[in-house]
$ cat input03.cif   # mmCIF, C-alpha atoms; chains and numbers go by the auth columns
data_data
loop_
_atom_site.group_PDB
_atom_site.id
_atom_site.type_symbol
_atom_site.label_atom_id
_atom_site.label_comp_id
_atom_site.label_asym_id
_atom_site.label_seq_id
_atom_site.Cartn_x
_atom_site.Cartn_y
_atom_site.Cartn_z
_atom_site.B_iso_or_equiv
_atom_site.auth_seq_id
_atom_site.auth_asym_id
ATOM 1 C CA MET A 1 0.000 0.000 0.000 0.00 1 A
ATOM 2 C CA ASP A 2 1.490 3.315 -1.097 0.00 2 A
ATOM 3 C CA ASN A 3 0.465 5.213 2.037 0.00 3 A
ATOM 4 C CA THR A 4 1.776 2.638 4.511 0.00 4 A
ATOM 5 C CA LYS A 5 3.323 4.368 7.517 0.00 5 A
ATOM 6 C CA GLN A 6 6.761 3.221 8.633 0.00 6 A
ATOM 7 C CA ILE A 7 7.601 2.803 12.321 0.00 7 A
ATOM 8 C CA LEU A 8 11.088 2.374 13.776 0.00 8 A
ATOM 9 C CA VAL A 9 11.203 0.314 16.995 0.00 9 A
ATOM 10 C CA VAL A 10 14.368 0.863 19.077 0.00 10 A
ATOM 11 C CA ASP A 11 14.671 -1.548 22.017 0.00 11 A
ATOM 12 C CA ASP A 12 17.475 -3.814 23.234 0.00 12 A
ATOM 13 C CA ASP A 13 14.920 -6.505 24.196 0.00 13 A
ATOM 14 C CA LYS A 14 14.597 -8.806 21.182 0.00 14 A
ATOM 15 C CA SER A 15 11.262 -10.206 22.386 0.00 15 A
ATOM 16 C CA ILE A 16 9.726 -6.736 22.522 0.00 16 A
ATOM 17 C CA ARG A 17 11.056 -5.869 19.067 0.00 17 A
ATOM 18 C CA GLU A 18 9.578 -9.054 17.663 0.00 18 A
ATOM 19 C CA LEU A 19 6.254 -8.590 19.483 0.00 19 A
ATOM 20 C CA LEU A 20 5.826 -5.022 18.255 0.00 20 A
ATOM 21 C CA SER A 21 7.010 -5.831 14.748 0.00 21 A
ATOM 22 C CA GLU A 22 4.442 -8.611 14.405 0.00 22 A
ATOM 23 C CA TYR A 23 1.580 -6.749 16.088 0.00 23 A
ATOM 24 C CA LEU A 24 2.082 -3.455 14.267 0.00 24 A
ATOM 25 C CA ALA A 25 2.645 -5.173 10.921 0.00 25 A
ATOM 26 C CA LYS A 26 -0.751 -6.838 11.334 0.00 26 A
ATOM 27 C CA ALA A 27 -2.191 -3.371 11.974 0.00 27 A
ATOM 28 C CA GLY A 28 -0.931 -2.258 8.562 0.00 28 A
ATOM 29 C CA PHE A 29 2.388 -0.592 9.378 0.00 29 A
ATOM 30 C CA SER A 30 5.809 -1.131 7.839 0.00 30 A
ATOM 31 C CA ILE A 31 8.246 -1.941 10.646 0.00 31 A
ATOM 32 C CA ILE A 32 12.017 -1.580 10.968 0.00 32 A
ATOM 33 C CA SER A 33 13.868 -2.151 14.229 0.00 33 A
ATOM 34 C CA ALA A 34 17.147 -1.487 16.016 0.00 34 A
ATOM 35 C CA GLU A 35 18.645 -2.906 19.197 0.00 35 A
ATOM 36 C CA ASP A 36 20.649 0.165 20.214 0.00 36 A
ATOM 37 C CA GLY A 37 21.634 3.696 19.259 0.00 37 A
ATOM 38 C CA ILE A 38 24.315 2.601 16.814 0.00 38 A
ATOM 39 C CA GLU A 39 21.905 0.480 14.802 0.00 39 A
ATOM 40 C CA MET A 40 19.240 3.196 15.076 0.00 40 A
ATOM 41 C CA THR A 41 21.614 5.717 13.498 0.00 41 A
ATOM 42 C CA LEU A 42 22.340 3.337 10.622 0.00 42 A
ATOM 43 C CA LYS A 43 18.624 2.705 10.042 0.00 43 A
ATOM 44 C CA LEU A 44 17.876 6.433 10.012 0.00 44 A
ATOM 45 C CA LYS A 45 20.473 6.998 7.294 0.00 45 A
ATOM 46 C CA ASP A 46 18.496 4.796 4.916 0.00 46 A
ATOM 47 C CA ASN A 47 14.940 5.388 6.157 0.00 47 A
ATOM 48 C CA GLN A 48 12.630 8.234 7.141 0.00 48 A
ATOM 49 C CA PRO A 49 10.158 6.647 9.574 0.00 49 A
ATOM 50 C CA ASP A 50 6.839 8.313 10.281 0.00 50 A
ATOM 51 C CA LEU A 51 7.152 7.520 13.996 0.00 51 A
ATOM 52 C CA ILE A 52 9.800 6.151 16.385 0.00 52 A
ATOM 53 C CA ILE A 53 9.198 3.949 19.433 0.00 53 A
ATOM 54 C CA LEU A 54 12.211 4.464 21.685 0.00 54 A
ATOM 55 C CA ASP A 55 13.093 2.494 24.817 0.00 55 A
ATOM 56 C CA VAL A 56 14.631 4.467 27.679 0.00 56 A
ATOM 57 C CA MET A 57 16.892 1.872 29.295 0.00 57 A
ATOM 58 C CA MET A 58 19.366 0.489 26.771 0.00 58 A
ATOM 59 C CA PRO A 59 23.098 -0.327 26.790 0.00 59 A
ATOM 60 C CA GLY A 60 25.276 2.460 25.458 0.00 60 A
ATOM 61 C CA ASP A 61 23.355 5.667 24.836 0.00 61 A
ATOM 62 C CA ASP A 62 20.027 5.597 26.652 0.00 62 A
ATOM 63 C CA GLY A 63 16.696 6.669 25.180 0.00 63 A
ATOM 64 C CA PHE A 64 16.927 10.198 26.540 0.00 64 A
ATOM 65 C CA THR A 65 20.268 10.756 24.804 0.00 65 A
ATOM 66 C CA LEU A 66 18.972 9.272 21.558 0.00 66 A
ATOM 67 C CA CYS A 67 15.807 11.385 21.716 0.00 67 A
ATOM 68 C CA GLN A 68 17.879 14.552 22.052 0.00 68 A
ATOM 69 C CA ARG A 69 20.038 13.444 19.121 0.00 69 A
ATOM 70 C CA ILE A 70 16.999 12.822 16.923 0.00 70 A
ATOM 71 C CA ARG A 71 15.532 16.210 17.823 0.00 71 A
ATOM 72 C CA GLN A 72 18.626 17.974 16.510 0.00 72 A
ATOM 73 C CA THR A 73 17.586 17.136 12.960 0.00 73 A
ATOM 74 C CA SER A 74 14.030 15.780 12.972 0.00 74 A
ATOM 75 C CA ASN A 75 10.510 16.461 14.261 0.00 75 A
ATOM 76 C CA VAL A 76 9.396 12.845 13.776 0.00 76 A
ATOM 77 C CA PRO A 77 6.871 11.777 16.460 0.00 77 A
ATOM 78 C CA ILE A 78 8.557 9.833 19.287 0.00 78 A
ATOM 79 C CA ILE A 79 6.928 7.535 21.841 0.00 79 A
ATOM 80 C CA MET A 80 9.208 6.537 24.708 0.00 80 A
ATOM 81 C CA LEU A 81 8.967 3.188 26.496 0.00 81 A
ATOM 82 C CA THR A 82 9.928 3.326 30.161 0.00 82 A
ATOM 83 C CA ALA A 83 10.200 0.567 32.754 0.00 83 A
ATOM 84 C CA ASN A 84 10.143 3.198 35.465 0.00 84 A
ATOM 85 C CA SER A 85 6.702 4.355 36.568 0.00 85 A
ATOM 86 C CA ASP A 86 8.297 7.381 38.245 0.00 86 A
ATOM 87 C CA GLU A 87 6.797 10.599 36.866 0.00 87 A
ATOM 88 C CA VAL A 88 10.279 12.149 36.722 0.00 88 A
ATOM 89 C CA ASP A 89 11.284 9.887 33.826 0.00 89 A
ATOM 90 C CA LYS A 90 8.089 10.654 31.946 0.00 90 A
ATOM 91 C CA VAL A 91 8.427 14.399 32.441 0.00 91 A
ATOM 92 C CA LEU A 92 12.099 14.323 31.424 0.00 92 A
ATOM 93 C CA GLY A 93 11.191 12.520 28.211 0.00 93 A
ATOM 94 C CA LEU A 94 8.645 15.180 27.318 0.00 94 A
ATOM 95 C CA GLU A 95 11.012 17.995 28.224 0.00 95 A
ATOM 96 C CA ILE A 96 13.703 16.778 25.824 0.00 96 A
ATOM 97 C CA GLY A 97 11.284 16.446 22.925 0.00 97 A
ATOM 98 C CA ALA A 98 9.363 13.157 23.145 0.00 98 A
ATOM 99 C CA ASP A 99 5.710 13.385 22.109 0.00 99 A
ATOM 100 C CA ASP A 100 4.312 10.637 24.340 0.00 100 A
ATOM 101 C CA TYR A 101 5.373 7.869 26.698 0.00 101 A
ATOM 102 C CA ILE A 102 4.061 4.523 27.865 0.00 102 A
ATOM 103 C CA ALA A 103 5.227 2.437 30.837 0.00 103 A
ATOM 104 C CA LYS A 104 6.296 -1.204 30.648 0.00 104 A
ATOM 105 C CA PRO A 105 4.641 -3.636 30.812 0.00 105 A
ATOM 106 C CA PHE A 106 2.233 -2.133 28.305 0.00 106 A
ATOM 107 C CA SER A 107 -0.729 -3.259 26.289 0.00 107 A
ATOM 108 C CA PRO A 108 0.071 -3.432 22.558 0.00 108 A
ATOM 109 C CA ARG A 109 -3.491 -2.286 21.953 0.00 109 A
ATOM 110 C CA GLU A 110 -2.936 0.857 24.030 0.00 110 A
ATOM 111 C CA LEU A 111 0.350 1.531 22.272 0.00 111 A
ATOM 112 C CA LEU A 112 -1.390 1.152 18.900 0.00 112 A
ATOM 113 C CA ALA A 113 -4.019 3.700 19.972 0.00 113 A
ATOM 114 C CA ARG A 114 -1.295 6.165 20.948 0.00 114 A
ATOM 115 C CA ILE A 115 0.529 5.588 17.667 0.00 115 A
ATOM 116 C CA LYS A 116 -2.622 6.275 15.656 0.00 116 A
ATOM 117 C CA ALA A 117 -3.333 9.426 17.684 0.00 117 A
ATOM 118 C CA LEU A 118 0.171 10.790 17.086 0.00 118 A
ATOM 119 C CA LEU A 119 0.068 9.986 13.379 0.00 119 A
ATOM 120 C CA ARG A 120 -3.319 11.714 13.063 0.00 120 A
ATOM 121 C CA ARG A 121 -1.840 14.753 14.740 0.00 121 A
ATOM 122 C CA SER A 122 1.232 14.623 12.525 0.00 122 A
ATOM 123 C CA SER A 123 -0.950 14.371 9.428 0.00 123 A
ATOM 124 C CA PHE A 124 -3.037 17.291 10.652 0.00 124 A
ATOM 125 C CA ILE A 125 0.097 19.386 11.051 0.00 125 A
ATOM 126 C CA LYS A 126 1.211 18.633 7.485 0.00 126 A
ATOM 127 C CA ASP A 127 -2.209 19.191 5.930 0.00 127 A
ATOM 128 C CA GLU A 128 -3.249 22.249 7.896 0.00 128 A
ATOM 129 C CA SER A 129 -2.884 25.499 5.970 0.00 129 A
ATOM 130 C CA THR A 130 -3.012 29.100 7.101 0.00 130 A
ATOM 131 C CA PRO A 131 -5.564 31.544 5.624 0.00 131 A
ATOM 132 C CA ALA A 132 -4.980 31.973 1.875 0.00 132 A
ATOM 133 C CA LYS A 133 -2.252 29.339 2.280 0.00 133 A
ATOM 134 C CA LEU A 134 0.199 31.956 3.523 0.00 134 A
ATOM 135 C CA ARG A 135 3.469 30.487 4.708 0.00 135 A
ATOM 136 C CA TYR A 136 4.379 32.697 7.650 0.00 136 A
ATOM 137 C CA ILE A 137 2.641 33.769 10.852 0.00 137 A
ATOM 138 C CA LYS A 138 3.966 36.812 12.711 0.00 138 A
ATOM 139 C CA PHE A 139 3.388 37.368 16.432 0.00 139 A
ATOM 140 C CA ALA A 140 5.277 39.265 19.123 0.00 140 A
ATOM 141 C CA GLN A 141 8.975 39.193 18.095 0.00 141 A
ATOM 142 C CA TRP A 142 8.569 35.893 16.253 0.00 142 A
ATOM 143 C CA LYS A 143 7.806 34.715 12.720 0.00 143 A
ATOM 144 C CA LEU A 144 6.680 31.103 12.309 0.00 144 A
ATOM 145 C CA ASP A 145 7.511 29.238 9.116 0.00 145 A
ATOM 146 C CA THR A 146 4.581 26.815 8.729 0.00 146 A
ATOM 147 C CA GLN A 147 6.432 24.737 6.133 0.00 147 A
ATOM 148 C CA GLN A 148 9.716 24.253 7.966 0.00 148 A
ATOM 149 C CA HIS A 149 8.196 24.434 11.486 0.00 149 A
ATOM 150 C CA ASN A 150 10.841 26.949 12.489 0.00 150 A
ATOM 151 C CA LEU A 151 10.528 30.090 14.565 0.00 151 A
ATOM 152 C CA GLU A 152 12.544 33.052 13.334 0.00 152 A
ATOM 153 C CA THR A 153 13.550 36.094 15.374 0.00 153 A
ATOM 154 C CA GLU A 154 13.697 39.615 14.008 0.00 154 A
ATOM 155 C CA SER A 155 17.498 39.263 13.952 0.00 155 A
ATOM 156 C CA GLY A 156 17.283 36.175 11.747 0.00 156 A
ATOM 157 C CA GLU A 157 18.000 33.460 14.319 0.00 157 A
ATOM 158 C CA THR A 158 15.966 30.264 13.940 0.00 158 A
ATOM 159 C CA LEU A 159 14.519 27.776 16.419 0.00 159 A
ATOM 160 C CA SER A 160 13.195 24.391 15.297 0.00 160 A
ATOM 161 C CA LEU A 161 9.995 23.173 16.976 0.00 161 A
ATOM 162 C CA THR A 162 9.140 19.573 17.828 0.00 162 A
ATOM 163 C CA GLY A 163 5.890 18.169 16.465 0.00 163 A
ATOM 164 C CA ALA A 164 4.113 18.616 19.809 0.00 164 A
ATOM 165 C CA ASP A 165 5.370 22.176 20.306 0.00 165 A
ATOM 166 C CA TYR A 166 4.374 23.149 16.778 0.00 166 A
ATOM 167 C CA GLN A 167 0.903 21.664 17.149 0.00 167 A
ATOM 168 C CA LEU A 168 0.363 23.434 20.475 0.00 168 A
ATOM 169 C CA LEU A 169 1.521 26.751 19.025 0.00 169 A
ATOM 170 C CA MET A 170 -0.747 26.343 15.990 0.00 170 A
ATOM 171 C CA LEU A 171 -3.657 25.591 18.306 0.00 171 A
ATOM 172 C CA PHE A 172 -3.128 28.985 19.940 0.00 172 A
ATOM 173 C CA LEU A 173 -2.394 30.843 16.697 0.00 173 A
ATOM 174 C CA ASN A 174 -5.631 29.609 15.130 0.00 174 A
ATOM 175 C CA LYS A 175 -7.637 30.870 18.119 0.00 175 A
ATOM 176 C CA PRO A 176 -6.020 34.076 19.440 0.00 176 A
ATOM 177 C CA TYR A 177 -7.747 35.842 22.333 0.00 177 A
ATOM 178 C CA THR A 178 -9.797 32.690 22.963 0.00 178 A
ATOM 179 C CA ALA A 179 -9.533 30.567 26.117 0.00 179 A
ATOM 180 C CA ILE A 180 -8.338 27.054 25.261 0.00 180 A
ATOM 181 C CA SER A 181 -9.001 24.394 27.889 0.00 181 A
ATOM 182 C CA ARG A 182 -6.703 21.600 29.016 0.00 182 A
ATOM 183 C CA ASP A 183 -9.159 19.150 27.444 0.00 183 A
ATOM 184 C CA GLN A 184 -8.701 20.826 24.060 0.00 184 A
ATOM 185 C CA ILE A 185 -4.927 20.764 24.451 0.00 185 A
ATOM 186 C CA CYS A 186 -5.044 17.062 25.309 0.00 186 A
ATOM 187 C CA GLN A 187 -7.126 16.327 22.238 0.00 187 A
ATOM 188 C CA ALA A 188 -4.718 18.235 20.013 0.00 188 A
ATOM 189 C CA LEU A 189 -1.545 16.698 21.438 0.00 189 A
ATOM 190 C CA HIS A 190 -2.419 13.156 22.428 0.00 190 A
ATOM 191 C CA GLY A 191 -5.811 12.176 21.043 0.00 191 A
ATOM 192 C CA ARG A 192 -8.869 10.933 22.914 0.00 192 A
ATOM 193 C CA ASP A 193 -6.967 8.569 25.183 0.00 193 A
ATOM 194 C CA ALA A 194 -5.200 11.347 27.060 0.00 194 A
ATOM 195 C CA PHE A 195 -6.221 12.755 30.410 0.00 195 A
ATOM 196 C CA ALA A 196 -6.643 16.500 30.833 0.00 196 A
ATOM 197 C CA ASN A 197 -4.957 16.549 34.238 0.00 197 A
ATOM 198 C CA GLU A 198 -1.798 14.724 33.192 0.00 198 A
ATOM 199 C CA ARG A 199 1.530 16.337 34.018 0.00 199 A
ATOM 200 C CA GLY A 200 2.519 16.239 30.362 0.00 200 A
ATOM 201 C CA ILE A 201 0.246 19.183 29.537 0.00 201 A
ATOM 202 C CA ASP A 202 2.147 21.387 31.990 0.00 202 A
ATOM 203 C CA VAL A 203 5.445 20.233 30.508 0.00 203 A
ATOM 204 C CA HIS A 204 4.357 21.043 26.934 0.00 204 A
ATOM 205 C CA LEU A 205 3.103 24.489 27.959 0.00 205 A
ATOM 206 C CA SER A 206 6.228 25.244 29.974 0.00 206 A
ATOM 207 C CA ARG A 207 8.488 24.130 27.117 0.00 207 A
ATOM 208 C CA LEU A 208 6.634 26.258 24.566 0.00 208 A
ATOM 209 C CA ARG A 209 6.686 29.300 26.853 0.00 209 A
ATOM 210 C CA GLN A 210 10.405 28.825 27.414 0.00 210 A
ATOM 211 C CA SER A 211 11.027 28.587 23.666 0.00 211 A
ATOM 212 C CA LEU A 212 9.063 31.800 23.114 0.00 212 A
ATOM 213 C CA GLY A 213 10.792 33.581 26.001 0.00 213 A
ATOM 214 C CA ASP A 214 7.424 34.199 27.649 0.00 214 A
ATOM 215 C CA ASN A 215 7.259 34.604 31.440 0.00 215 A
ATOM 216 C CA ALA A 216 4.218 32.814 32.907 0.00 216 A
ATOM 217 C CA LYS A 217 4.047 35.358 35.753 0.00 217 A
ATOM 218 C CA PHE A 218 4.123 38.353 33.379 0.00 218 A
ATOM 219 C CA PRO A 219 2.899 36.856 30.081 0.00 219 A
ATOM 220 C CA GLN A 220 3.103 38.690 26.774 0.00 220 A
ATOM 221 C CA ILE A 221 2.080 35.744 24.580 0.00 221 A
ATOM 222 C CA ILE A 222 0.286 32.953 26.476 0.00 222 A
ATOM 223 C CA LYS A 223 -1.798 33.897 29.501 0.00 223 A
ATOM 224 C CA THR A 224 -3.214 31.490 32.070 0.00 224 A
ATOM 225 C CA VAL A 225 -6.940 32.074 32.622 0.00 225 A
ATOM 226 C CA ARG A 226 -7.969 30.635 35.973 0.00 226 A
ATOM 227 C CA GLY A 227 -10.672 28.012 35.577 0.00 227 A
ATOM 228 C CA ALA A 228 -10.793 28.369 31.782 0.00 228 A
ATOM 229 C CA GLY A 229 -7.383 27.366 30.435 0.00 229 A
ATOM 230 C CA TYR A 230 -4.956 29.466 28.408 0.00 230 A
ATOM 231 C CA THR A 231 -5.281 32.391 26.004 0.00 231 A
ATOM 232 C CA PHE A 232 -2.951 33.589 23.248 0.00 232 A
ATOM 233 C CA ILE A 233 -2.797 37.351 23.801 0.00 233 A
ATOM 234 C CA ALA A 234 -0.284 38.479 21.134 0.00 234 A
ATOM 235 C CA GLU A 235 -1.450 39.983 17.838 0.00 235 A
ATOM 236 C CA VAL A 236 -1.330 37.475 14.976 0.00 236 A
ATOM 237 C CA GLN A 237 -0.544 38.356 11.338 0.00 237 A
ATOM 238 C CA HIS A 238 -0.433 36.004 8.352 0.00 238 A
ATOM 239 C CA LEU A 239 2.279 36.815 5.814 0.00 239 A
ATOM 240 C CA ALA A 240 3.280 35.524 2.383 0.00 240 A
ATOM 241 C CA GLN A 241 6.961 35.990 3.205 0.00 241 A
#

$ encode --input "input03.cif" --output "structure tokens"
Amino acid sequence: MDNTKQILVVDDDKSIRELLSEYLAKAGFSIISAEDGIEMTLKLKDNQPDLIILDVMMPGDDGFTLCQRIRQTSNVPIIMLTANSDEVDKVLGLEIGADDYIAKPFSPRELLARIKALLRRSSFIKDESTPAKLRYIKFAQWKLDTQQHNLETESGETLSLTGADYQLLMLFLNKPYTAISRDQICQALHGRDAFANERGIDVHLSRLRQSLGDNAKFPQIIKTVRGAGYTFIAEVQHLAQ
């Protein structure tokens, strides 16, 4: 099938690689796998997966290190597998650029649901167009390139956004001066299976604010509205260039 999505599974546990490869292949995905960071790097030279499943605890470079390395050049959706139920690991994964996480042992069915939600979001990002299909969106001191998913400063410096950060920013840019609830943010970032009170929402918001240089206590771009959610308060302009 021409539109088959490719998933890269990176895990040092052979049984997990085989389980996921078989299960996800039956669900219609094309699967490639790697047992460590070295093999992952080789696979990425010859492939451009639509999503990466990345284990945290592996010999050599761990999943956090590999996630940071991937984020230097790619916005591909990343789901991290963690054997540690500690929230610190989950939050750290999100802070360094992962889009979602799931704790071991996990249900393949739940993982499949998360994969589909992330791919829907990724497809939405690619298909979504600005009014009159204009490429750039100007706000505050920033200009967003909706094709490259880069933020540009007035001095010409660029900042690449992860898939989750870009989707969250677009959610605000499409509804300026409108309160957006945590439920809406969850739907946009994680799909219907997410919970509105999960710590990940705070991490995504904090990371985006930090990227934009916006102080939560004295906001100029994203304002917290008690009991309602968050509001984008900067003027938005759509530009051809």

$ resolve_selection --input "input03.cif" --expression "the PyMOL selection byres ((chain A and resi 38) around 12)" --output "ChimeraX atom specification"
/A:10-12,33-37,39-45,58-62,66,69

$ write_last_selection --input "input03.cif" --atoms "C-alpha atoms" --output "mmCIF file, keeping the file's coordinate frame"
data_model
loop_
_atom_site.group_PDB
_atom_site.id
_atom_site.type_symbol
_atom_site.label_atom_id
_atom_site.label_comp_id
_atom_site.auth_asym_id
_atom_site.auth_seq_id
_atom_site.Cartn_x
_atom_site.Cartn_y
_atom_site.Cartn_z
ATOM 1 C CA VAL A 10 14.368 0.863 19.077
ATOM 2 C CA ASP A 11 14.671 -1.548 22.017
ATOM 3 C CA ASP A 12 17.475 -3.814 23.234
ATOM 4 C CA SER A 33 13.868 -2.151 14.229
ATOM 5 C CA ALA A 34 17.147 -1.487 16.016
ATOM 6 C CA GLU A 35 18.645 -2.906 19.197
ATOM 7 C CA ASP A 36 20.649 0.165 20.214
ATOM 8 C CA GLY A 37 21.634 3.696 19.259
ATOM 9 C CA GLU A 39 21.905 0.480 14.802
ATOM 10 C CA MET A 40 19.240 3.196 15.076
ATOM 11 C CA THR A 41 21.614 5.717 13.498
ATOM 12 C CA LEU A 42 22.340 3.337 10.622
ATOM 13 C CA LYS A 43 18.624 2.705 10.042
ATOM 14 C CA LEU A 44 17.876 6.433 10.012
ATOM 15 C CA LYS A 45 20.473 6.998 7.294
ATOM 16 C CA MET A 58 19.366 0.489 26.771
ATOM 17 C CA PRO A 59 23.098 -0.327 26.790
ATOM 18 C CA GLY A 60 25.276 2.460 25.458
ATOM 19 C CA ASP A 61 23.355 5.667 24.836
ATOM 20 C CA ASP A 62 20.027 5.597 26.652
ATOM 21 C CA LEU A 66 18.972 9.272 21.558
ATOM 22 C CA ARG A 69 20.038 13.444 19.121
#

$ atom_distance --input "input03.cif" --atom1 "atom CA of A:Ala103" --atom2 "atom CA of A:Leu81"
5.8 Å

$ resolve_selection --input "input03.cif" --expression "the PyMOL selection byres ((chain A and resi 108) around 9)" --output "list in words"
Leu19, Leu20, Tyr23, Leu24, Phe106, Ser107, Arg109, Glu110, Leu111, Leu112 and Ala113 of chain A

$ closest_residue --input "input03.cif" --among "A:Val203, A:Ala216, A:Ile32, A:Leu118" --to "A:Lys90" --atoms "only C-alpha atoms"
A:Val203

$ closest_residue --input "input03.cif" --among "A:Gln6, A:Gln167, A:Asn75, A:Ser181" --to "A:Thr231" --atoms "all atoms listed in the file"
A:Ser181

$ closest_residue --input "input03.cif" --among "A:Lys175, A:Ser74, A:Ile221, A:Leu212" --to "A:His149" --atoms "only C-alpha atoms"
A:Ser74

$ atom_distance --input "input03.cif" --atom1 "atom CA of A:Asp55" --atom2 "atom CA of A:Asp100"
12.0 Å

$ closest_residue --input "input03.cif" --among "A:Arg71, A:Arg226, A:Arg209, A:Lys143" --to "A:Ser160" --atoms "all atoms listed in the file"
A:Arg71

$ residues_near_point --input "input03.cif" --point "(11.5, 28.1, 14.3)" --cutoff "10 Å" --atoms "only C-alpha atoms" --output "list of chain:residue names"
A:Trp142, A:Lys143, A:Leu144, A:Asp145, A:Thr146, A:Gln148, A:His149, A:Asn150, A:Leu151, A:Glu152, A:Thr153, A:Glu157, A:Thr158, A:Leu159, A:Ser160, A:Leu161, A:Thr162, A:Tyr166, A:Ser211, A:Leu212

$ atom_distance --input "input03.cif" --atom1 "atom CA of A:Lys138" --atom2 "atom CA of A:Ala98"
26.4 Å

$ decode --input "input03.cif" --residues "stretch 126-171 of chain A" --atoms "C-alpha atoms" --output "mmCIF file, in the first residue's frame"
data_model
loop_
_atom_site.group_PDB
_atom_site.id
_atom_site.type_symbol
_atom_site.label_atom_id
_atom_site.label_comp_id
_atom_site.auth_asym_id
_atom_site.auth_seq_id
_atom_site.Cartn_x
_atom_site.Cartn_y
_atom_site.Cartn_z
ATOM 1 C CA LYS A 126 1.211 18.633 7.485
ATOM 2 C CA ASP A 127 -2.209 19.191 5.930
ATOM 3 C CA GLU A 128 -3.249 22.249 7.896
ATOM 4 C CA SER A 129 -2.884 25.499 5.970
ATOM 5 C CA THR A 130 -3.012 29.100 7.101
ATOM 6 C CA PRO A 131 -5.564 31.544 5.624
ATOM 7 C CA ALA A 132 -4.980 31.973 1.875
ATOM 8 C CA LYS A 133 -2.252 29.339 2.280
ATOM 9 C CA LEU A 134 0.199 31.956 3.523
ATOM 10 C CA ARG A 135 3.469 30.487 4.708
ATOM 11 C CA TYR A 136 4.379 32.697 7.650
ATOM 12 C CA ILE A 137 2.641 33.769 10.852
ATOM 13 C CA LYS A 138 3.966 36.812 12.711
ATOM 14 C CA PHE A 139 3.388 37.368 16.432
ATOM 15 C CA ALA A 140 5.277 39.265 19.123
ATOM 16 C CA GLN A 141 8.975 39.193 18.095
ATOM 17 C CA TRP A 142 8.569 35.893 16.253
ATOM 18 C CA LYS A 143 7.806 34.715 12.720
ATOM 19 C CA LEU A 144 6.680 31.103 12.309
ATOM 20 C CA ASP A 145 7.511 29.238 9.116
ATOM 21 C CA THR A 146 4.581 26.815 8.729
ATOM 22 C CA GLN A 147 6.432 24.737 6.133
ATOM 23 C CA GLN A 148 9.716 24.253 7.966
ATOM 24 C CA HIS A 149 8.196 24.434 11.486
ATOM 25 C CA ASN A 150 10.841 26.949 12.489
ATOM 26 C CA LEU A 151 10.528 30.090 14.565
ATOM 27 C CA GLU A 152 12.544 33.052 13.334
ATOM 28 C CA THR A 153 13.550 36.094 15.374
ATOM 29 C CA GLU A 154 13.697 39.615 14.008
ATOM 30 C CA SER A 155 17.498 39.263 13.952
ATOM 31 C CA GLY A 156 17.283 36.175 11.747
ATOM 32 C CA GLU A 157 18.000 33.460 14.319
ATOM 33 C CA THR A 158 15.966 30.264 13.940
ATOM 34 C CA LEU A 159 14.519 27.776 16.419
ATOM 35 C CA SER A 160 13.195 24.391 15.297
ATOM 36 C CA LEU A 161 9.995 23.173 16.976
ATOM 37 C CA THR A 162 9.140 19.573 17.828
ATOM 38 C CA GLY A 163 5.890 18.169 16.465
ATOM 39 C CA ALA A 164 4.113 18.616 19.809
ATOM 40 C CA ASP A 165 5.370 22.176 20.306
ATOM 41 C CA TYR A 166 4.374 23.149 16.778
ATOM 42 C CA GLN A 167 0.903 21.664 17.149
ATOM 43 C CA LEU A 168 0.363 23.434 20.475
ATOM 44 C CA LEU A 169 1.521 26.751 19.025
ATOM 45 C CA MET A 170 -0.747 26.343 15.990
ATOM 46 C CA LEU A 171 -3.657 25.591 18.306
#
